[in-house]
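Written below as structure tokens is the structure these notes are about.
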Amino acid sequence: MKKYFEISSRHVFFWFIGVLVLAGLILSSTHSYLLFHSLVEVFSIVVSFSIFLFAWNTLSFTRDRFLIVLGIAYLFIGGFDFSHMLAYKGMGVIPGDGANHATQAWIAARYIESISLLAVPFLFNRRINHHMVFWIYLAVSAVIFAMIFRFHVFPESYVEGRGLTQFKIISEYIISCILIAAAIVLYRRRGEVDGVMFRLLFASIGFTVASEIAFTNYVSVYGPANMTGHLLKVVSSYLIYRAIVVHGLRTPYKSMFRELAASKSELERYSQSLESCVAERTQELEQSNQELRYLSSQLVNAEQKERKRIARDLHDSIGQSLSAIKLSMENMSSSLSSRLDKKDAASLEKVVSMSREAILEVRRIIMNLRPPALDGGIKATIESLCREFNSFYPDILIEKNLQIEEDQVPENVKTSMFRLLQESLNNIGRHSGAGNVRVFLLTENGRIRFEVADDGKGFDPQTAAAAQAESGFGIAGMRERAELSGGQLHIRTGRGSGTSIVAIWPEDKINTGFASTG
């Protein structure tokens with residue numbers, strides 16, 4: 001509790017000035033008590049209206065929504081204090097029976113003030129309909145004002161010659177009890193309000209209680225008990241002015257920087273969390289990609305093995321059987337040609353021709369399943385494909401530069417190279433309009449580099465990839481074959497500038513056992 005009531009040395013000056021002001025007010029009472037009373041009430045009224053103006057004009061951006069309730073309350077408290085000042089005995093502004101009306105207005109103002117201060121702690125961190133609050137205070141104040149000054153039905157509070165009535169004295173004690181309850185509730189909920197504001201409000205309530213007790217003991221409205229009560233009210237008004245207006249004007253800037261710092265800290269925390277989450281998801285995605293590539297390579301490896309097995313079976317069984325049938329039919333045709341008429345000889349020759357076509361078809365199927373040329377090495381396979389290409393496109397010249405040893409190229413990479421070259425030559429012959437083709441296979445800084453380049457008309461890679469996406473072949477298929485064998489495919493092309501297909505297998509990839517593609 002100590003930290004809530006510490007008073008720093010820099011406040012001593014303000015207290016000193018306050019003491020001087022109070023001394024000046026006391027001196028003014030020796031000259032004219034009405035002057036003293038008017039100065040005190042004007043100060044309290046100005047404070048009340050200042051609290052309202054501050055609360056109303058900061059409504060749109062303040063976080064302390066309870067302030068608007070306090071501001072509206074002090075608007076009407078100031079109104080009753082103004083009525084109290086004008087109706088005070090000797091002022092002659094509001095006609096009435098002595099000091100009764102002024103005392104009634106005072107009691108009404110203090111009831112509104114005490115009940116409002118008791119209600120405020122329960123409104124911390126709550127949403128408030130300030131329009132409804134304003135109309136409630138307006139209706140209550142209008143009824144009380146009419147009871148005092150229009151219909152004269154408000155209980156008497158002061159009787160000339162006798163002093164305070166029982167109603168007035170009991171009301172002061174009730175108001176004091178309400179204020180004490182407000183202080184207790186405020187203390188219990190001090191964690192929900194700014195520390196400086198809490199201390200000033202708490203002290204203001206304390207001085208208001210002392211003021212109310214002082215007002216239970218005077219007989220004359222000009223007596224010392226009445227003056228003491230008004231001096232205590234000055235202190236109370238100053239403290240609540242400091243709590244709401246002065247501190248409220250300074251706090252937004254401190255709160256702004258505090259909230260900016262908190263927002264920055266929160267943003268950094270979210271940023272770090274997001275980066276961590278992205279890194280974690282990226283790692284998971286990379287791991288998933290690696291697993292997918294491994295499973296894909298295993299699948300392709302199994303497919304390649306099955307292709308090799310089927311090709312071998314076709315060669316050893318059906319291929320050999322067809323060759324034997326063809327040879328037998330040729331021998332039969334040769335030995336029986338003189339005995340057969342032309343019709344039978346033509347039928348036999350047709351069967352021999354069909355057996356030749358069947359053998360060629362089997363060889364084509366075997367070639368598509370797995371090129372037998374790969375058994376002779378990748379260099380021989382490249383030479384074979386180039387010769388076959390030239391047989392179909394004799395006007396296109398092929399330059400070959402194969403600076404690599406057979407054992408430098410893993411088996412899985414050989415099949416990928418064969419398919420890449422096969423697809424590239426097919427595209428060159430059909431689409432490029434090239435006159436020259438260059439085929440390079442070499443090692444470069446521990447990497448295998450395979451390139452097929454032409455001087456044709458080139459193409460737009462995105463347009464070509466989109467056109468071939470549905471079939472799964474073309475650029476996408478070539479890139480997939482390279483990646484599944486651990487390599488990377490790069491295409492350099494442009495309309496009218498030829499095309500270069502480059503596949504590179506890094507050293508750390510070609511030795512990791514990636515499966516071959518078929």
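Labeling convention for the structure tokens: chains A, B, ... as they appear, residues from 1 per chain, ligands from 1 in order of appearance.
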
Report task. Using DSSP on the backbone, list every residue of segment 61-232 of chain A that comes out as helix (DSSP H, G or I), and give them as a PyMOL selection string. Result -> chain A and resi 66-86+100-123+130-149+166-188+190-192+195-214+224-232

**Report entry** DSSP-assigned strand (DSSP E) among segment 116-365 of chain A, expressed as number ranges by chain
**Finding:** A: 158-159, 163-164

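The spacing separating atom CA of Lys89 of chain A from atom CA of His37 of chain A amounts to 10.5 Å.
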
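Between atom CA of Arg199 of chain A and atom CA of Phe76 of chain A there is a distance of 24.4 Å.
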
Once you count only C-alpha atoms, what closest atom pair and distance in Å to one decimal does each residue of segment 137-229 of chain A within 12 Å of segment 39-55 of chain A have, with rows by chain and rising residue number, as a tab-separated table?
residue	atom	partner	partner_atom	distance
A:Asn226	CA	A:Val40	CA	11.8
A:Met227	CA	A:Val40	CA	9.7
A:Thr228	CA	A:Val40	CA	11.3
A:Gly229	CA	A:Val40	CA	10.5

Query raised in the report: Which residues come within 7 Å of segment 321-329 of chain A, counting only C-alpha atoms, excluding same-chain residues fewer than 6 positions away, as a PyMOL selection string?
Result: chain A and resi 352+355-356+359

Query - Closest of A:Gly433, A:Ser141, A:Tyr173, A:Gly498 to Phe459 of chain A - atom-to-atom distances counting only C-alpha atoms - result: A:Gly498

Query raised in the report: Can you list, as a list of chain:residue names, every protein, DNA or RNA residue that comes within 8 Å of Gln488 of chain A when you count only C-alpha atoms, leaving out same-chain residues fewer than 2 positions away?
Result: A:Arg479, A:Ala482, A:Glu483, A:Gly486, A:His490, A:Ala503, A:Ile504, A:Trp505

Those residues with N, CA, C and O atoms, as a compact mmCIF listing (two decimals), in the first residue's frame please?
# COMPACT_ATOMS: atom_id res chain seq x y z
N ARG A 479 12.17 -31.93 -67.49
CA ARG A 479 12.63 -31.43 -66.18
C ARG A 479 12.40 -32.47 -65.09
O ARG A 479 13.26 -32.66 -64.21
N ALA A 482 15.10 -35.16 -65.26
CA ALA A 482 16.39 -34.70 -64.73
C ALA A 482 16.37 -34.65 -63.21
O ALA A 482 17.32 -35.10 -62.54
N GLU A 483 15.29 -34.14 -62.63
CA GLU A 483 15.23 -33.98 -61.18
C GLU A 483 15.13 -35.32 -60.47
O GLU A 483 15.69 -35.50 -59.39
N GLY A 486 18.39 -36.71 -59.82
CA GLY A 486 19.27 -35.89 -58.99
C GLY A 486 19.82 -34.68 -59.69
O GLY A 486 20.69 -33.99 -59.14
N HIS A 490 17.99 -26.74 -67.25
CA HIS A 490 17.92 -25.31 -67.58
C HIS A 490 17.68 -25.17 -69.07
O HIS A 490 18.31 -25.87 -69.87
N ALA A 503 21.37 -29.98 -68.86
CA ALA A 503 21.09 -30.76 -67.66
C ALA A 503 22.40 -30.92 -66.88
O ALA A 503 23.43 -31.27 -67.47
N ILE A 504 22.33 -30.63 -65.57
CA ILE A 504 23.52 -30.70 -64.72
C ILE A 504 23.23 -31.59 -63.53
O ILE A 504 22.19 -31.43 -62.86
N TRP A 505 24.15 -32.51 -63.28
CA TRP A 505 24.04 -33.39 -62.12
C TRP A 505 25.20 -33.07 -61.17
O TRP A 505 26.36 -33.34 -61.48

Query raised in the report: Neighbours of Leu70 of chain A within 9 Å (only C-alpha atoms; same-chain residues fewer than 2 positions away dropped), as JSON, numbers by chain?
Result: {"A": [51, 52, 55, 66, 67, 68, 72, 73, 74, 75, 113, 116, 117, 120]}

Could you take the residues named above and write them with N, CA, C and O atoms, as an mmCIF file, in the first residue's frame?
data_model
loop_
_atom_site.group_PDB
_atom_site.id
_atom_site.type_symbol
_atom_site.label_atom_id
_atom_site.label_comp_id
_atom_site.auth_asym_id
_atom_site.auth_seq_id
_atom_site.Cartn_x
_atom_site.Cartn_y
_atom_site.Cartn_z
ATOM 1 N N ILE A 51 -13.868 19.173 -15.783
ATOM 2 C CA ILE A 51 -13.880 17.708 -15.812
ATOM 3 C C ILE A 51 -14.837 17.203 -16.889
ATOM 4 O O ILE A 51 -14.524 16.284 -17.647
ATOM 5 N N PHE A 52 -16.030 17.856 -16.964
ATOM 6 C CA PHE A 52 -16.985 17.448 -17.991
ATOM 7 C C PHE A 52 -16.436 17.693 -19.395
ATOM 8 O O PHE A 52 -16.511 16.811 -20.273
ATOM 9 N N ALA A 55 -13.666 15.155 -20.242
ATOM 10 C CA ALA A 55 -14.190 13.799 -20.462
ATOM 11 C C ALA A 55 -14.970 13.707 -21.766
ATOM 12 O O ALA A 55 -14.837 12.729 -22.512
ATOM 13 N N PHE A 66 -14.868 5.096 -18.027
ATOM 14 C CA PHE A 66 -15.593 5.520 -16.836
ATOM 15 C C PHE A 66 -15.520 7.032 -16.651
ATOM 16 O O PHE A 66 -16.346 7.638 -15.948
ATOM 17 N N LEU A 67 -14.525 7.684 -17.300
ATOM 18 C CA LEU A 67 -14.361 9.121 -17.126
ATOM 19 C C LEU A 67 -15.569 9.897 -17.642
ATOM 20 O O LEU A 67 -15.897 10.964 -17.121
ATOM 21 N N ILE A 68 -16.237 9.380 -18.663
ATOM 22 C CA ILE A 68 -17.379 10.104 -19.200
ATOM 23 C C ILE A 68 -18.521 10.142 -18.192
ATOM 24 O O ILE A 68 -19.246 11.134 -18.088
ATOM 25 N N ILE A 72 -19.935 13.644 -16.812
ATOM 26 C CA ILE A 72 -21.359 14.035 -16.851
ATOM 27 C C ILE A 72 -21.867 14.325 -15.448
ATOM 28 O O ILE A 72 -22.626 15.291 -15.219
ATOM 29 N N ALA A 73 -21.446 13.504 -14.476
ATOM 30 C CA ALA A 73 -21.868 13.735 -13.085
ATOM 31 C C ALA A 73 -21.423 15.112 -12.606
ATOM 32 O O ALA A 73 -22.215 15.876 -12.013
ATOM 33 N N TYR A 74 -20.154 15.470 -12.897
ATOM 34 C CA TYR A 74 -19.658 16.771 -12.416
ATOM 35 C C TYR A 74 -20.255 17.945 -13.182
ATOM 36 O O TYR A 74 -20.260 19.068 -12.683
ATOM 37 N N LEU A 75 -20.777 17.707 -14.379
ATOM 38 C CA LEU A 75 -21.504 18.780 -15.066
ATOM 39 C C LEU A 75 -22.716 19.200 -14.231
ATOM 40 O O LEU A 75 -22.957 20.405 -14.012
ATOM 41 N N GLU A 113 -22.627 13.577 -6.136
ATOM 42 C CA GLU A 113 -21.177 13.357 -6.193
ATOM 43 C C GLU A 113 -20.788 12.045 -5.514
ATOM 44 O O GLU A 113 -20.021 11.251 -6.068
ATOM 45 N N SER A 116 -22.014 8.948 -7.450
ATOM 46 C CA SER A 116 -21.247 8.798 -8.694
ATOM 47 C C SER A 116 -19.857 8.232 -8.422
ATOM 48 O O SER A 116 -19.379 7.347 -9.145
ATOM 49 N N LEU A 117 -19.198 8.743 -7.363
ATOM 50 C CA LEU A 117 -17.864 8.228 -7.022
ATOM 51 C C LEU A 117 -17.924 6.772 -6.575
ATOM 52 O O LEU A 117 -16.983 6.009 -6.807
ATOM 53 N N VAL A 120 -18.400 4.698 -9.953
ATOM 54 C CA VAL A 120 -17.323 4.711 -10.951
ATOM 55 C C VAL A 120 -16.421 3.480 -10.901
ATOM 56 O O VAL A 120 -16.107 2.902 -11.946
#

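Using only C-alpha atoms, the smallest distance between any of A:Ser353, A:Ser347, A:Thr58, A:Ser317 and Ile244 of chain A comes from A:Thr58.
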
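Among the candidates A:Ser276, A:Ser204, A:Ser237, A:Gln283, the one nearest to Gly78 of chain A when counting only C-alpha atoms is A:Ser237.
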
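Among the candidates A:Met417, A:Ala214, A:Leu397, A:Leu292, the one nearest to Lys379 of chain A when counting only C-alpha atoms is A:Met417.
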
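Among the candidates A:Gly24, A:Pro410, A:Gly429, A:Gly90, the residue lying nearest to Tyr222 of chain A is A:Gly90 (atoms considered: only C-alpha atoms).
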
Query - Polymer residues at most 9 Å from Ala99 of chain A, only C-alpha atoms, same-chain spacing of 3 or more positions, as a list in words - result: Ala87, Tyr88, Lys89, Gly90, Gly96, Ala102, Thr103, Gln104, Ser157, Tyr158, Val159, Glu160 and Val221 of chain A

Requested in this report: Would you mind reading off the distance between atom CA of Ile318 of chain A and atom CA of Ala358 of chain A, one decimal, in Å?
Outcome: 9.7 Å

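Using only C-alpha atoms, the smallest distance between any of A:Ala146, A:Val234, A:Lys457, A:Ala108 and Leu25 of chain A comes from A:Val234.
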
Query raised in the report: Which residues come within 8 Å of Lys168 of chain A, counting only C-alpha atoms, excluding same-chain residues fewer than 2 positions away, as number ranges by chain?
Result: A: 107, 156-158, 164-166, 170-172, 216

Could those residues be written to a file, using all heavy atoms, as a JSON list (two decimals), in the first residue's frame?
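selection-v4.json written:
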[["chain", "number", "residue", "atom", "x", "y", "z"],
["A", 107, "ILE", "N", -26.72, 19.85, -0.54],
["A", 107, "ILE", "CA", -26.97, 18.45, -0.22],
["A", 107, "ILE", "C", -27.23, 17.64, -1.49],
["A", 107, "ILE", "O", -26.72, 16.52, -1.67],
["A", 107, "ILE", "CB", -28.17, 18.33, 0.75],
["A", 107, "ILE", "CG1", -27.76, 18.79, 2.15],
["A", 107, "ILE", "CG2", -28.68, 16.89, 0.82],
["A", 107, "ILE", "CD1", -26.72, 17.91, 2.81],
["A", 156, "GLU", "N", -36.44, 20.29, 4.32],
["A", 156, "GLU", "CA", -35.73, 21.46, 4.82],
["A", 156, "GLU", "C", -34.36, 21.05, 5.34],
["A", 156, "GLU", "O", -34.20, 20.03, 6.02],
["A", 156, "GLU", "CB", -36.52, 22.14, 5.93],
["A", 156, "GLU", "CG", -37.71, 22.95, 5.42],
["A", 156, "GLU", "CD", -38.29, 23.83, 6.52],
["A", 156, "GLU", "OE1", -38.07, 23.53, 7.72],
["A", 156, "GLU", "OE2", -38.97, 24.81, 6.19],
["A", 157, "SER", "N", -33.37, 21.92, 5.07],
["A", 157, "SER", "CA", -31.99, 21.61, 5.47],
["A", 157, "SER", "C", -31.43, 22.67, 6.43],
["A", 157, "SER", "O", -30.47, 22.38, 7.16],
["A", 157, "SER", "CB", -31.09, 21.51, 4.24],
["A", 157, "SER", "OG", -31.53, 20.49, 3.37],
["A", 158, "TYR", "N", -32.02, 23.87, 6.43],
["A", 158, "TYR", "CA", -31.51, 24.94, 7.31],
["A", 158, "TYR", "C", -32.69, 25.82, 7.72],
["A", 158, "TYR", "O", -33.51, 26.21, 6.88],
["A", 158, "TYR", "CB", -30.45, 25.77, 6.58],
["A", 158, "TYR", "CG", -29.78, 26.80, 7.44],
["A", 158, "TYR", "CD1", -28.67, 26.47, 8.20],
["A", 158, "TYR", "CD2", -30.29, 28.12, 7.52],
["A", 158, "TYR", "CE1", -28.04, 27.42, 9.00],
["A", 158, "TYR", "CE2", -29.68, 29.06, 8.32],
["A", 158, "TYR", "CZ", -28.55, 28.70, 9.06],
["A", 158, "TYR", "OH", -27.95, 29.64, 9.87],
["A", 164, "LEU", "N", -28.84, 23.91, 11.31],
["A", 164, "LEU", "CA", -29.03, 22.74, 10.46],
["A", 164, "LEU", "C", -30.17, 21.87, 10.97],
["A", 164, "LEU", "O", -30.34, 21.70, 12.19],
["A", 164, "LEU", "CB", -27.75, 21.90, 10.39],
["A", 164, "LEU", "CG", -26.50, 22.61, 9.85],
["A", 164, "LEU", "CD1", -25.30, 21.68, 9.92],
["A", 164, "LEU", "CD2", -26.74, 23.09, 8.42],
["A", 165, "THR", "N", -30.92, 21.30, 10.03],
["A", 165, "THR", "CA", -31.99, 20.37, 10.40],
["A", 165, "THR", "C", -31.43, 18.96, 10.56],
["A", 165, "THR", "O", -30.29, 18.65, 10.14],
["A", 165, "THR", "CB", -33.09, 20.35, 9.33],
["A", 165, "THR", "OG1", -32.54, 19.83, 8.11],
["A", 165, "THR", "CG2", -33.64, 21.75, 9.09],
["A", 166, "GLN", "N", -32.24, 18.08, 11.14],
["A", 166, "GLN", "CA", -31.82, 16.69, 11.29],
["A", 166, "GLN", "C", -31.58, 16.04, 9.93],
["A", 166, "GLN", "O", -30.65, 15.25, 9.75],
["A", 166, "GLN", "CB", -32.90, 15.90, 12.06],
["A", 166, "GLN", "CG", -32.92, 16.19, 13.55],
["A", 166, "GLN", "CD", -31.65, 15.73, 14.22],
["A", 166, "GLN", "OE1", -30.84, 16.55, 14.65],
["A", 166, "GLN", "NE2", -31.45, 14.43, 14.31],
["A", 170, "ILE", "N", -28.06, 14.29, 9.15],
["A", 170, "ILE", "CA", -28.04, 12.85, 8.82],
["A", 170, "ILE", "C", -27.56, 12.64, 7.38],
["A", 170, "ILE", "O", -26.80, 11.71, 7.09],
["A", 170, "ILE", "CB", -29.45, 12.25, 9.03],
["A", 170, "ILE", "CG1", -29.81, 12.29, 10.52],
["A", 170, "ILE", "CG2", -29.50, 10.83, 8.48],
["A", 170, "ILE", "CD1", -31.24, 11.86, 10.81],
["A", 171, "SER", "N", -28.00, 13.52, 6.48],
["A", 171, "SER", "CA", -27.57, 13.40, 5.08],
["A", 171, "SER", "C", -26.06, 13.53, 4.95],
["A", 171, "SER", "O", -25.41, 12.81, 4.16],
["A", 171, "SER", "CB", -28.26, 14.47, 4.23],
["A", 171, "SER", "OG", -29.64, 14.20, 4.10],
["A", 172, "GLU", "N", -25.46, 14.46, 5.72],
["A", 172, "GLU", "CA", -24.00, 14.62, 5.66],
["A", 172, "GLU", "C", -23.29, 13.34, 6.10],
["A", 172, "GLU", "O", -22.29, 12.94, 5.49],
["A", 172, "GLU", "CB", -23.55, 15.80, 6.54],
["A", 172, "GLU", "CG", -24.05, 17.16, 6.10],
["A", 172, "GLU", "CD", -23.33, 17.67, 4.84],
["A", 172, "GLU", "OE1", -22.57, 16.91, 4.23],
["A", 172, "GLU", "OE2", -23.56, 18.84, 4.47],
["A", 216, "THR", "N", -21.41, 19.41, 9.34],
["A", 216, "THR", "CA", -22.45, 18.92, 10.26],
["A", 216, "THR", "C", -22.50, 19.76, 11.54],
["A", 216, "THR", "O", -23.39, 19.56, 12.37],
["A", 216, "THR", "CB", -22.20, 17.45, 10.63],
["A", 216, "THR", "OG1", -20.94, 17.35, 11.30],
["A", 216, "THR", "CG2", -22.22, 16.57, 9.41]]
